[in-house]
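> Structure file coords02.cif (mmCIF, C-alpha atoms and all ligand atoms) is given on the next line.
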data_input
#
loop_
_atom_site.label_atom_id
_atom_site.label_comp_id
_atom_site.auth_asym_id
_atom_site.auth_seq_id
_atom_site.Cartn_x
_atom_site.Cartn_y
_atom_site.Cartn_z
CA MET A 823 0.00 0.00 0.00
CA ALA A 824 2.57 2.56 1.16
CA PRO A 825 6.08 2.26 -0.34
CA ALA A 826 8.92 0.68 1.66
CA PRO A 827 11.49 3.10 3.18
CA GLN A 828 14.22 1.70 0.91
CA ASP A 829 12.06 2.50 -2.15
CA ILE A 830 11.60 6.04 -0.93
CA ALA A 831 15.35 6.32 -0.31
CA ARG A 832 16.02 5.24 -3.94
CA LEU A 833 14.17 8.33 -5.20
CA GLU A 834 17.48 10.13 -4.81
CA LYS A 835 18.56 8.41 -8.01
CA LEU A 836 16.15 10.59 -9.96
CA GLY A 837 18.14 13.66 -8.93
CA GLY A 838 21.86 14.30 -9.23
CA PRO A 839 23.46 16.95 -11.42
CA LEU A 840 21.34 18.77 -14.01
CA PRO A 841 21.52 16.66 -17.20
CA GLN A 842 23.68 18.44 -19.75
CA TYR A 843 22.71 16.40 -22.85
CA PRO A 844 19.53 14.78 -24.18
CA SER A 845 18.56 11.21 -23.33
CA GLU A 846 16.45 8.76 -25.27
CA PRO A 847 12.78 9.16 -24.19
CA LYS A 848 12.47 5.39 -23.66
CA ASP A 849 15.49 5.45 -21.30
CA VAL A 850 13.98 8.39 -19.39
CA LEU A 851 10.71 6.48 -18.99
CA ALA A 852 12.47 3.27 -17.98
CA LEU A 853 14.37 5.13 -15.24
CA LEU A 854 11.18 6.82 -14.05
CA ASP A 855 9.35 3.50 -13.91
CA ASP A 856 12.22 1.66 -12.24
CA ILE A 857 12.74 4.22 -9.47
CA GLY A 858 9.39 6.03 -9.36
CA SER A 859 6.84 3.20 -9.52
CA PRO A 860 7.95 1.43 -6.31
CA ALA A 861 7.68 4.74 -4.41
CA THR A 862 4.01 5.29 -5.19
CA VAL A 863 1.06 4.77 -2.83
CA ALA A 864 -1.37 2.13 -4.12
CA THR A 865 -4.45 4.31 -4.26
CA THR A 866 -5.73 2.66 -7.44
CA GLY A 867 -6.51 -0.63 -5.69
CA GLY A 868 -9.62 -1.51 -3.74
CA ARG A 869 -8.08 -1.46 -0.28
CA TYR A 870 -7.00 2.16 0.01
CA PHE A 871 -9.25 3.88 2.55
CA GLY A 872 -7.13 6.94 3.29
CA PHE A 873 -8.39 10.53 3.15
CA VAL A 874 -11.37 10.59 0.73
CA THR A 875 -9.20 9.63 -2.12
CA GLY A 876 -11.12 7.34 -4.46
CA GLY A 877 -9.41 5.61 -7.36
CA ALA A 878 -9.38 6.34 -11.06
CA LEU A 879 -11.88 4.70 -13.39
CA PRO A 880 -10.32 2.89 -16.38
CA ALA A 881 -12.18 5.01 -18.95
CA ALA A 882 -11.15 8.20 -17.13
CA VAL A 883 -7.48 7.15 -16.95
CA ALA A 884 -7.38 6.29 -20.65
CA ALA A 885 -9.17 9.54 -21.55
CA ASN A 886 -6.56 11.37 -19.49
CA TRP A 887 -3.78 9.74 -21.57
CA LEU A 888 -5.59 10.63 -24.78
CA ALA A 889 -5.98 14.22 -23.59
CA ALA A 890 -2.25 14.36 -22.80
CA VAL A 891 -1.44 13.09 -26.29
CA TRP A 892 -3.79 15.67 -27.78
CA ASP A 893 -1.97 18.33 -25.74
CA GLN A 894 -5.00 20.59 -25.59
CA ASN A 895 -5.06 23.92 -23.78
CA ALA A 896 -8.54 24.35 -22.33
CA ALA A 897 -8.32 28.11 -21.82
CA PHE A 898 -10.31 29.21 -24.87
CA SER A 899 -12.63 27.50 -27.32
CA VAL A 900 -10.42 28.53 -30.23
CA MET A 901 -7.51 26.65 -28.64
CA SER A 902 -9.48 23.44 -28.18
CA PRO A 903 -13.01 23.06 -29.47
CA VAL A 904 -13.15 19.54 -28.05
CA ALA A 905 -12.15 20.67 -24.55
CA ALA A 906 -14.60 23.58 -24.56
CA THR A 907 -17.47 21.44 -25.86
CA LEU A 908 -16.82 18.63 -23.39
CA GLU A 909 -16.89 21.11 -20.50
CA GLU A 910 -20.33 22.25 -21.56
CA ILE A 911 -21.59 18.69 -21.91
CA VAL A 912 -20.12 17.66 -18.55
CA LEU A 913 -21.53 20.76 -16.88
CA ALA A 914 -25.06 19.95 -18.08
CA TRP A 915 -24.73 16.28 -17.08
CA THR A 916 -23.26 17.12 -13.66
CA LEU A 917 -25.95 19.67 -12.82
CA GLU A 918 -28.58 17.08 -13.74
CA LEU A 919 -26.88 14.34 -11.70
CA LEU A 920 -26.57 16.59 -8.66
CA GLY A 921 -30.05 18.12 -8.94
CA LEU A 922 -28.77 21.67 -9.40
CA PRO A 923 -30.43 24.30 -11.63
CA PRO A 924 -29.45 23.87 -15.31
CA SER A 925 -28.82 27.60 -15.64
CA CYS A 926 -25.87 27.55 -13.19
CA GLY A 927 -22.42 28.61 -14.37
CA ALA A 928 -19.27 26.69 -13.48
CA GLY A 929 -15.51 26.57 -13.67
CA PHE A 930 -13.46 23.38 -14.00
CA VAL A 931 -10.65 23.66 -11.47
CA THR A 932 -8.10 21.53 -9.63
CA GLY A 933 -10.21 20.32 -6.70
CA THR A 934 -12.36 21.58 -3.89
CA THR A 935 -9.85 24.08 -2.56
CA MET A 936 -9.95 25.99 -5.83
CA ALA A 937 -13.66 25.30 -6.29
CA ASN A 938 -14.25 26.93 -2.90
CA PHE A 939 -11.94 29.77 -3.90
CA SER A 940 -13.69 30.40 -7.23
CA ALA A 941 -17.22 30.17 -5.88
CA LEU A 942 -16.35 32.37 -2.90
CA ALA A 943 -14.80 34.91 -5.28
CA ALA A 944 -18.19 35.06 -7.01
CA ALA A 945 -19.88 35.47 -3.61
CA ARG A 946 -17.52 38.31 -2.70
CA THR A 947 -18.22 40.01 -6.02
CA ALA A 948 -22.00 39.71 -5.60
CA LEU A 949 -22.15 40.83 -1.96
CA LEU A 950 -19.97 43.86 -2.58
CA LYS A 951 -21.75 44.77 -5.82
CA HIS A 952 -24.95 44.77 -3.78
CA CYS A 953 -23.29 47.38 -1.52
CA GLY A 954 -22.32 49.47 -4.55
CA TRP A 955 -18.67 48.36 -4.51
CA ASP A 956 -16.76 46.95 -7.50
CA VAL A 957 -14.20 44.66 -5.88
CA GLU A 958 -12.56 43.68 -9.16
CA GLU A 959 -11.70 47.33 -9.90
CA ASN A 960 -11.20 48.72 -6.41
CA GLY A 961 -9.95 45.79 -4.38
CA LEU A 962 -10.83 45.29 -0.74
CA PHE A 963 -9.16 48.41 0.70
CA GLY A 964 -11.99 50.65 1.87
CA ALA A 965 -14.68 48.16 0.80
CA PRO A 966 -17.85 47.91 2.89
CA PRO A 967 -17.46 44.99 5.30
CA PHE A 968 -19.61 41.88 5.15
CA ARG A 969 -19.81 39.00 7.58
CA VAL A 970 -18.56 35.50 6.86
CA ILE A 971 -20.12 32.64 8.81
CA VAL A 972 -18.69 29.11 8.90
CA GLY A 973 -19.37 26.01 10.96
CA GLU A 974 -17.00 25.02 13.73
CA GLU A 975 -16.23 21.88 11.69
CA THR A 976 -15.59 23.63 8.40
CA HIS A 977 -12.84 22.11 6.24
CA VAL A 978 -9.48 23.85 6.50
CA SER A 979 -9.36 24.35 2.74
CA LEU A 980 -12.40 26.61 2.95
CA LEU A 981 -10.60 28.78 5.49
CA LYS A 982 -7.59 28.84 3.19
CA ALA A 983 -9.81 29.99 0.30
CA LEU A 984 -11.24 32.77 2.50
CA ALA A 985 -7.70 33.80 3.44
CA MET A 986 -6.61 33.92 -0.22
CA LEU A 987 -9.62 36.12 -1.02
CA GLY A 988 -8.70 38.67 1.63
CA LEU A 989 -11.68 37.69 3.78
CA GLY A 990 -9.55 36.34 6.60
CA ARG A 991 -9.32 33.01 8.36
CA SER A 992 -9.94 34.36 11.85
CA ARG A 993 -12.33 37.17 11.03
CA VAL A 994 -15.09 34.60 10.45
CA ILE A 995 -17.97 33.91 12.82
CA ARG A 996 -17.83 30.26 13.82
CA VAL A 997 -21.12 28.53 14.57
CA PRO A 998 -20.92 25.62 17.03
CA ALA A 999 -21.40 22.10 15.70
CA ASP A 1000 -23.29 19.13 17.12
CA SER A 1001 -21.83 15.72 18.01
CA GLN A 1002 -21.61 14.72 14.34
CA GLY A 1003 -19.94 17.96 13.22
CA ARG A 1004 -23.13 19.50 11.78
CA MET A 1005 -23.53 23.26 12.07
CA ARG A 1006 -26.18 23.98 14.69
CA ALA A 1007 -28.92 25.97 12.95
CA ASP A 1008 -30.26 27.06 16.35
CA ALA A 1009 -26.92 28.74 17.06
CA LEU A 1010 -26.87 30.72 13.83
CA PRO A 1011 -26.67 34.51 14.32
CA GLU A 1012 -29.12 36.88 12.61
CA LEU A 1013 -28.54 36.87 8.86
CA ASP A 1014 -28.75 39.83 6.50
CA ASP A 1015 -27.87 40.78 2.93
CA ARG A 1016 -24.27 41.46 3.95
CA THR A 1017 -23.62 37.91 5.02
CA LEU A 1018 -21.83 34.99 3.41
CA ILE A 1019 -22.59 31.70 5.07
CA CYS A 1020 -20.56 28.58 4.26
CA ILE A 1021 -22.11 25.20 4.92
CA GLN A 1022 -20.95 21.68 4.31
CA ALA A 1023 -22.34 18.57 2.60
CA GLY A 1024 -20.16 15.77 3.94
CA ASN A 1025 -17.88 16.33 6.93
CA VAL A 1026 -14.38 15.10 6.11
CA ASN A 1027 -14.32 12.92 9.25
CA SER A 1028 -17.89 11.88 10.01
CA GLY A 1029 -19.55 12.37 6.60
CA ALA A 1030 -22.33 14.41 8.27
CA PHE A 1031 -24.37 17.07 6.44
CA ASP A 1032 -25.26 20.52 7.77
CA PRO A 1033 -29.02 21.25 8.17
CA ALA A 1034 -29.38 23.05 4.85
CA THR A 1035 -33.16 23.32 4.74
CA GLU A 1036 -33.34 25.59 7.75
CA ILE A 1037 -30.15 27.51 6.97
CA CYS A 1038 -31.03 28.13 3.32
CA SER A 1039 -34.56 29.29 4.06
CA ARG A 1040 -33.30 31.74 6.66
CA ALA A 1041 -30.59 32.93 4.28
CA ARG A 1042 -33.09 33.35 1.43
CA GLU A 1043 -35.34 35.51 3.57
CA ALA A 1044 -32.41 37.66 4.66
CA GLY A 1045 -30.74 37.92 1.25
CA ALA A 1046 -27.53 36.26 2.48
CA TRP A 1047 -25.31 34.20 0.13
CA VAL A 1048 -25.03 30.49 0.96
CA HIS A 1049 -21.98 28.58 -0.24
CA VAL A 1050 -21.78 24.78 0.02
CA ASP A 1051 -18.55 22.82 0.38
CA GLY A 1052 -19.86 19.60 -1.12
CA ALA A 1053 -16.47 18.08 -1.90
CA PHE A 1054 -17.38 14.42 -1.81
CA GLY A 1055 -20.76 14.43 -0.06
CA TYR A 1056 -22.68 16.11 -2.87
CA TRP A 1057 -22.32 12.99 -5.02
CA ALA A 1058 -24.80 11.32 -2.63
CA ALA A 1059 -27.42 13.19 -4.69
CA VAL A 1060 -27.16 10.51 -7.39
CA SER A 1061 -28.65 7.89 -5.06
CA PRO A 1062 -32.38 8.00 -4.23
CA ARG A 1063 -31.43 6.32 -0.96
CA TYR A 1064 -28.89 8.96 0.14
CA ALA A 1065 -30.26 12.03 -1.69
CA PRO A 1066 -32.42 13.03 1.34
CA LEU A 1067 -29.15 13.95 3.08
CA LEU A 1068 -28.99 16.80 0.57
CA ASP A 1069 -32.42 18.22 1.30
CA GLY A 1070 -32.29 22.00 1.09
CA PHE A 1071 -28.76 22.23 -0.33
CA SER A 1072 -29.92 23.02 -3.87
CA ARG A 1073 -31.33 26.32 -2.58
CA ALA A 1074 -27.80 27.64 -2.00
CA ASP A 1075 -26.04 30.17 -4.24
CA SER A 1076 -22.80 28.31 -4.93
CA TRP A 1077 -21.32 24.84 -4.56
CA ALA A 1078 -17.80 23.36 -4.58
CA ILE A 1079 -17.67 19.78 -5.88
CA ASP A 1080 -14.74 17.42 -6.12
CA CYS A 1081 -14.36 15.01 -9.02
CA HIS A 1082 -11.09 13.30 -8.07
CA LYS A 1083 -12.76 11.98 -4.93
CA TRP A 1084 -16.06 10.16 -5.44
CA LEU A 1085 -16.34 10.50 -9.21
CA ASN A 1086 -13.02 8.62 -9.36
CA VAL A 1087 -11.25 10.63 -12.07
CA PRO A 1088 -7.48 11.21 -12.06
CA TYR A 1089 -6.05 14.21 -10.20
CA ASP A 1090 -6.67 17.05 -10.33
CA SER A 1091 -10.33 17.85 -10.80
CA GLY A 1092 -13.10 19.85 -9.16
CA ILE A 1093 -16.01 22.06 -10.21
CA ALA A 1094 -17.07 25.48 -8.87
CA VAL A 1095 -20.79 25.90 -9.52
CA VAL A 1096 -22.54 29.25 -9.12
CA ARG A 1097 -26.27 29.90 -9.45
CA SER A 1098 -25.66 33.28 -11.12
CA PRO A 1099 -23.02 32.68 -13.84
CA GLU A 1100 -22.53 36.44 -14.26
CA ASN A 1101 -21.00 36.71 -10.78
CA LEU A 1102 -18.48 33.93 -11.45
CA HIS A 1103 -17.72 35.51 -14.82
CA ARG A 1104 -17.29 38.97 -13.32
CA ALA A 1105 -14.95 37.62 -10.63
CA LEU A 1106 -12.73 35.54 -12.93
CA ALA A 1107 -13.03 36.60 -16.59
CA LEU A 1108 -10.16 38.25 -18.41
CA SER A 1109 -9.82 40.12 -21.67
CA ALA A 1110 -6.97 41.37 -23.85
CA ALA A 1111 -6.63 42.68 -27.37
CA TYR A 1112 -5.09 39.46 -28.68
CA LEU A 1113 -7.88 37.30 -27.27
CA GLN A 1114 -10.78 36.91 -29.66
CA THR A 1115 -14.19 37.69 -28.29
CA SER A 1116 -16.77 35.01 -28.92
CA GLU A 1117 -20.38 34.18 -28.36
CA VAL A 1118 -19.66 30.78 -26.85
CA ARG A 1119 -18.81 29.89 -23.24
CA GLU A 1120 -15.07 30.47 -22.80
CA PRO A 1121 -13.72 28.05 -20.17
CA SER A 1122 -11.13 30.41 -18.69
CA HIS A 1123 -13.73 33.10 -17.98
CA TYR A 1124 -14.88 30.93 -15.10
CA THR A 1125 -11.56 29.78 -13.57
CA PRO A 1126 -8.66 31.46 -11.78
CA GLU A 1127 -6.21 30.05 -14.37
CA SER A 1128 -5.93 30.83 -18.06
CA SER A 1129 -3.91 28.05 -19.70
CA ARG A 1130 -4.77 24.74 -18.12
CA ARG A 1131 -5.26 21.09 -18.91
CA ALA A 1132 -8.53 19.88 -20.35
CA ARG A 1133 -10.13 18.28 -17.30
CA GLY A 1134 -13.50 17.99 -19.00
CA ILE A 1135 -12.16 15.16 -21.16
CA GLU A 1136 -11.78 12.59 -18.40
CA LEU A 1137 -14.90 13.86 -16.64
CA TRP A 1138 -16.84 13.18 -19.80
CA ALA A 1139 -15.32 9.68 -20.03
CA ALA A 1140 -16.11 8.91 -16.38
CA ILE A 1141 -19.76 9.94 -16.63
CA ARG A 1142 -20.16 8.37 -20.06
CA SER A 1143 -18.71 5.05 -18.86
CA LEU A 1144 -20.67 4.88 -15.61
CA GLY A 1145 -23.95 6.43 -16.61
CA ARG A 1146 -26.30 7.60 -13.90
CA GLN A 1147 -26.91 4.02 -12.79
CA GLY A 1148 -23.21 3.17 -12.53
CA LEU A 1149 -22.52 6.24 -10.41
CA GLN A 1150 -25.48 5.46 -8.17
CA ASP A 1151 -24.19 1.88 -7.77
CA LEU A 1152 -20.69 3.15 -6.94
CA VAL A 1153 -21.97 5.51 -4.23
CA GLU A 1154 -24.37 2.95 -2.75
CA ARG A 1155 -21.78 0.16 -2.82
CA ASN A 1156 -19.23 2.36 -1.02
CA CYS A 1157 -21.79 3.35 1.62
CA ARG A 1158 -22.86 -0.27 2.14
CA LEU A 1159 -19.23 -1.31 2.56
CA ALA A 1160 -18.61 1.52 5.05
CA ARG A 1161 -21.58 0.18 7.03
CA LEU A 1162 -20.07 -3.33 6.83
CA PHE A 1163 -16.78 -2.01 8.26
CA ALA A 1164 -18.64 -0.28 11.08
CA ASP A 1165 -20.87 -3.26 11.94
CA ARG A 1166 -18.03 -5.76 12.00
CA LEU A 1167 -15.71 -3.55 14.05
CA GLN A 1168 -18.48 -2.79 16.51
CA HIS A 1169 -19.37 -6.46 16.75
CA ALA A 1170 -15.72 -7.17 17.53
CA GLY A 1171 -16.01 -4.84 20.53
CA PHE A 1172 -14.63 -1.60 19.16
CA GLU A 1173 -16.35 1.76 19.36
CA ILE A 1174 -17.65 3.51 16.26
CA LEU A 1175 -17.44 7.23 17.00
CA ASN A 1176 -19.70 8.60 14.26
CA GLU A 1177 -23.16 7.88 12.92
CA VAL A 1178 -22.27 6.15 9.67
CA VAL A 1179 -24.54 8.10 7.34
CA LEU A 1180 -22.36 7.87 4.24
CA ASN A 1181 -18.96 6.38 3.38
CA GLN A 1182 -16.96 7.52 6.44
CA VAL A 1183 -16.23 5.42 9.54
CA LEU A 1184 -14.38 6.57 12.66
CA VAL A 1185 -13.32 3.79 15.01
CA SER A 1186 -11.60 3.85 18.37
CA PHE A 1187 -9.70 0.81 19.61
CA GLY A 1188 -9.61 2.01 23.21
CA SER A 1189 -6.94 4.40 24.43
CA ALA A 1190 -5.40 6.99 22.11
CA ALA A 1191 -2.07 5.13 22.24
CA GLU A 1192 -3.69 1.80 21.33
CA THR A 1193 -5.67 3.36 18.48
CA ARG A 1194 -2.56 5.04 17.09
CA ARG A 1195 -0.61 1.77 17.38
CA ILE A 1196 -3.24 -0.09 15.39
CA VAL A 1197 -3.42 2.61 12.72
CA ALA A 1198 0.38 2.55 12.35
CA GLU A 1199 0.65 -1.26 12.37
CA ALA A 1200 -2.20 -1.65 9.89
CA GLN A 1201 -0.46 0.82 7.58
CA ASN A 1202 2.81 -1.14 7.85
CA ASP A 1203 1.05 -4.49 7.41
CA GLY A 1204 0.16 -3.44 3.86
CA THR A 1205 -3.18 -5.25 3.42
CA CYS A 1206 -5.01 -1.94 3.39
CA TRP A 1207 -4.37 1.71 4.22
CA CYS A 1208 -6.46 3.73 6.67
CA GLY A 1209 -5.51 7.10 8.13
CA GLY A 1210 -5.68 8.37 11.68
CA THR A 1211 -7.56 11.39 12.96
CA GLN A 1212 -8.82 13.14 16.10
CA TRP A 1213 -12.55 13.26 16.60
CA HIS A 1214 -13.87 15.38 19.48
CA GLY A 1215 -10.64 14.93 21.37
CA ARG A 1216 -10.39 11.19 20.71
CA ALA A 1217 -7.89 9.37 18.53
CA ALA A 1218 -9.57 7.39 15.76
CA MET A 1219 -8.87 5.30 12.71
CA ARG A 1220 -10.59 6.95 9.77
CA ILE A 1221 -11.93 4.63 7.10
CA SER A 1222 -13.18 6.28 3.93
CA VAL A 1223 -14.69 3.99 1.29
CA SER A 1224 -14.56 6.01 -1.92
CA SER A 1225 -13.11 3.84 -4.66
CA TRP A 1226 -14.90 2.30 -7.64
CA ALA A 1227 -12.52 -0.67 -7.22
CA THR A 1228 -13.47 -1.67 -3.65
CA THR A 1229 -15.28 -5.01 -3.40
CA ASP A 1230 -16.79 -6.97 -0.52
CA GLU A 1231 -13.73 -9.19 -0.61
CA ASP A 1232 -11.44 -6.16 -0.21
CA VAL A 1233 -13.37 -5.15 2.90
CA GLU A 1234 -13.29 -8.70 4.32
CA ARG A 1235 -9.52 -8.92 3.80
CA SER A 1236 -9.00 -5.48 5.30
CA LEU A 1237 -11.19 -6.26 8.31
CA ALA A 1238 -9.33 -9.52 8.90
CA ALA A 1239 -6.00 -7.63 8.91
CA ILE A 1240 -7.23 -4.81 11.16
CA LEU A 1241 -8.81 -7.23 13.66
CA ARG A 1242 -5.71 -9.47 13.68
CA ILE A 1243 -3.56 -6.42 14.52
CA ALA A 1244 -6.06 -5.09 17.07
CA ARG A 1245 -6.17 -8.44 18.87
CA SER A 1246 -2.43 -9.07 18.73
CA HIS A 1247 -1.86 -7.03 21.91
CA GLN A 1248 -5.09 -7.94 23.70
CA SER A 1249 -4.60 -10.32 26.61
C1 LIG B 1301 -15.20 18.70 2.81
C2 LIG B 1301 -13.93 18.93 2.06
N1 LIG B 1301 -13.65 20.16 1.56
C3 LIG B 1301 -12.51 20.41 0.90
C4 LIG B 1301 -11.56 19.43 0.68
C5 LIG B 1301 -10.30 19.78 -0.07
O1 LIG B 1301 -10.35 19.20 -1.35
P1 LIG B 1301 -9.12 19.25 -2.37
O2 LIG B 1301 -8.02 18.45 -1.76
O3 LIG B 1301 -9.68 18.62 -3.61
O4 LIG B 1301 -8.73 20.66 -2.61
C6 LIG B 1301 -11.79 18.15 1.18
C7 LIG B 1301 -10.79 17.10 1.03
O5 LIG B 1301 -10.90 16.01 1.57
C8 LIG B 1301 -13.02 17.88 1.86
O6 LIG B 1301 -13.31 16.66 2.32
#
Once you've parsed the file, please lay out its structure as structure tokens.
Ligand SMILES: Cc1ncc(COP(=O)(O)O)c(C=O)c1O


Amino acid sequence: MAPAPQDIARLEKLGGPLPQYPSEPKDVLALLDDIGSPATVATTGGRYFGFVTGGALPAAVAANWLAAVWDQNAAFSVMSPVAATLEEIVLAWTLELLGLPPSCGAGFVTGTTMANFSALAAARTALLKHCGWDVEENGLFGAPPFRVIVGEETHVSLLKALAMLGLGRSRVIRVPADSQGRMRADALPELDDRTLICIQAGNVNSGAFDPATEICSRAREAGAWVHVDGAFGYWAAVSPRYAPLLDGFSRADSWAIDCHKWLNVPYDSGIAVVRSPENLHRALALSAAYLQTSEVREPSHYTPESSRRARGIELWAAIRSLGRQGLQDLVERNCRLARLFADRLQHAGFEILNEVVLNQVLVSFGSAAETRRIVAEAQNDGTCWCGGTQWHGRAAMRISVSSWATTDEDVERSLAAILRIARSHQS
């Protein structure tokens, strides 16, 4: 699962003095494979449960190779008609899959951090425009202030996005969370039309969803902007069984969605979706004399970057190969297997620390030291890979079932290894 220390040590061989003369491409690739491949983490297999990583679907990997061979720059439609068209197709399909309004605008970015950044840039633009301030022209110096509200359990990448936008990490109002990490709607301050409120669909530890119905209706009445960090959790919308977790979320103003997590496409890939495309466009569009104007959607008018790789290609391949049914099966299978992990570990006498509502399981093996020992030994054992975390002051093993490749047999083998290790020190 994780590479051996000696394989990591061998990476040195890829360095050395700057090469003075050309090498044969096949020799370069052979060296890279020989030294690089053993130092990779086996995230493509079915027994990697770290972070919320997912794997990479075969069709998406092959589409990614094809895109690399095509060498397309997705900045403007004139540079790559195929990239621009596929973005539009994927956008329409994704909005339909996730139950979001078809008129939304979106940018195809590197992941949720940049999806949060892009969508929050649109929020900043809209809130300040409402106060008569043009933030793109005038910047934030002297701008009318607006409040930013986040949950106590907000993901750190959202705070980073706020920091990059000049809105501040610490200036935010933090709303307390309940035992599952959900923002407490009853603890929400008064909202008004100078408020940005950031909620979450899928807590990175517990998988829990904020109470969007109540928050969004209060925000609507007040004229506040609601942004959703839906990194992995929003994909639950494709399953009739899990979609109720997303009740109320489609009433928000913007959403950050990850594709390299639960959609299982290669890194890096995320989508910033905004209800009012003009605000995303105003925040991120660029123009110059040498750039042609056009009537069609220009990809880079909705992203922080200009030149960039054509992420829409592998997204198209992933959705085309799975179809709605295949994606629903993937999500439901992962959730069922997370439940299996939780039931079997609990049955074996270990404590599950979260309500397993989705694909995330937090398990304690007793004391913090014992839990950390088991996490470390399970990682070294190599049957599977699970990370460690802290949940409400307690050490936990964090099991995230997010890969298309994970089977029942993978979970059985992983459970057998974890339980063997957990019992090895029990008297
Ligand atoms: C809820 C949530 N938000 C944001 C992120 C950051 O996503 P990325 O690494 O794609 O930028 C994650 C990553 O796990 C997440 O779970």

> Please list as number ranges by chain every residue within 10 Å of region 964-968 of chain A, counting only C-alpha atoms and excluding residues in the same chain fewer than 5 positions away.

A: 946, 949-950, 953-957, 989, 1014-1018

> I want to know what sits within 12 Å of Val900 (chain A), based on only C-alpha atoms, with residues of the same chain fewer than 2 positions away left out; could you give that as a list in words?

Gln894, Asn895, Ala896, Ala897, Phe898, Ser902, Pro903, Val904, Ala905, Ala906, Thr907, Leu1113, Gln1114, Thr1115, Ser1116, Glu1117, Val1118, Arg1119, Glu1120, Pro1121 and Ser1122 of chain A

> Give me the residues near Trp1138 (chain A) as a list in words, where near means some atom within 6 Å (using all atoms listed in the file) and where sequence neighbours in that chain fewer than 4 positions away do not count.

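Contacts, in chain order: Val912, Gly1134 and Arg1142 of chain A.
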
> Hey, could you make a per-residue contact list for chain A against ligand LIG 1301 (chain B) with 7 Å as the cut-off, showing the nearest pair of atoms and its distance in Å to one decimal, counting all atoms listed in the file, sorted by chain and number, as JSON lines?


{"residue": "A:Phe873", "atom": "CA", "partner": "B:LIG1301", "partner_atom": "O5", "distance": 6.2}
{"residue": "A:Val874", "atom": "CA", "partner": "B:LIG1301", "partner_atom": "O5", "distance": 5.5}
{"residue": "A:Thr932", "atom": "CA", "partner": "B:LIG1301", "partner_atom": "O3", "distance": 6.9}
{"residue": "A:Gly933", "atom": "CA", "partner": "B:LIG1301", "partner_atom": "O3", "distance": 3.6}
{"residue": "A:Thr934", "atom": "CA", "partner": "B:LIG1301", "partner_atom": "O4", "distance": 4.0}
{"residue": "A:Thr935", "atom": "CA", "partner": "B:LIG1301", "partner_atom": "O4", "distance": 3.6}
{"residue": "A:Met936", "atom": "CA", "partner": "B:LIG1301", "partner_atom": "O4", "distance": 6.3}
{"residue": "A:His977", "atom": "CA", "partner": "B:LIG1301", "partner_atom": "N1", "distance": 5.1}
{"residue": "A:Ser979", "atom": "CA", "partner": "B:LIG1301", "partner_atom": "C3", "distance": 5.4}
{"residue": "A:Leu980", "atom": "CA", "partner": "B:LIG1301", "partner_atom": "C3", "distance": 6.5}
{"residue": "A:Gln1022", "atom": "CA", "partner": "B:LIG1301", "partner_atom": "C1", "distance": 6.6}
{"residue": "A:Gly1024", "atom": "CA", "partner": "B:LIG1301", "partner_atom": "C1", "distance": 5.9}
{"residue": "A:Asn1025", "atom": "CA", "partner": "B:LIG1301", "partner_atom": "C1", "distance": 5.5}
{"residue": "A:Val1026", "atom": "CA", "partner": "B:LIG1301", "partner_atom": "O6", "distance": 4.2}
{"residue": "A:Asp1051", "atom": "CA", "partner": "B:LIG1301", "partner_atom": "N1", "distance": 5.7}
{"residue": "A:Gly1052", "atom": "CA", "partner": "B:LIG1301", "partner_atom": "C1", "distance": 6.2}
{"residue": "A:Ala1053", "atom": "CA", "partner": "B:LIG1301", "partner_atom": "C2", "distance": 4.8}
{"residue": "A:Phe1054", "atom": "CA", "partner": "B:LIG1301", "partner_atom": "O6", "distance": 6.2}
{"residue": "A:Asp1080", "atom": "CA", "partner": "B:LIG1301", "partner_atom": "O3", "distance": 5.8}
{"residue": "A:Gly1092", "atom": "CA", "partner": "B:LIG1301", "partner_atom": "O3", "distance": 6.6}

> What does the distance between CA of Thr862 (chain A) and CA of Ala1094 (chain A) come to in Å, to one decimal place?

29.4 Å

> Step by step: start from the point (-5.7, 4.3, 5.9) in the file's coordinates, keep every protein, DNA or RNA residue that has an atom no farther than 12 Å from it, count only C-alpha atoms, and write the set as a PyMOL selection string.

chain A and resi 823-824+863-865+868-875+1182-1185+1194+1196-1211+1218-1224+1236+1240
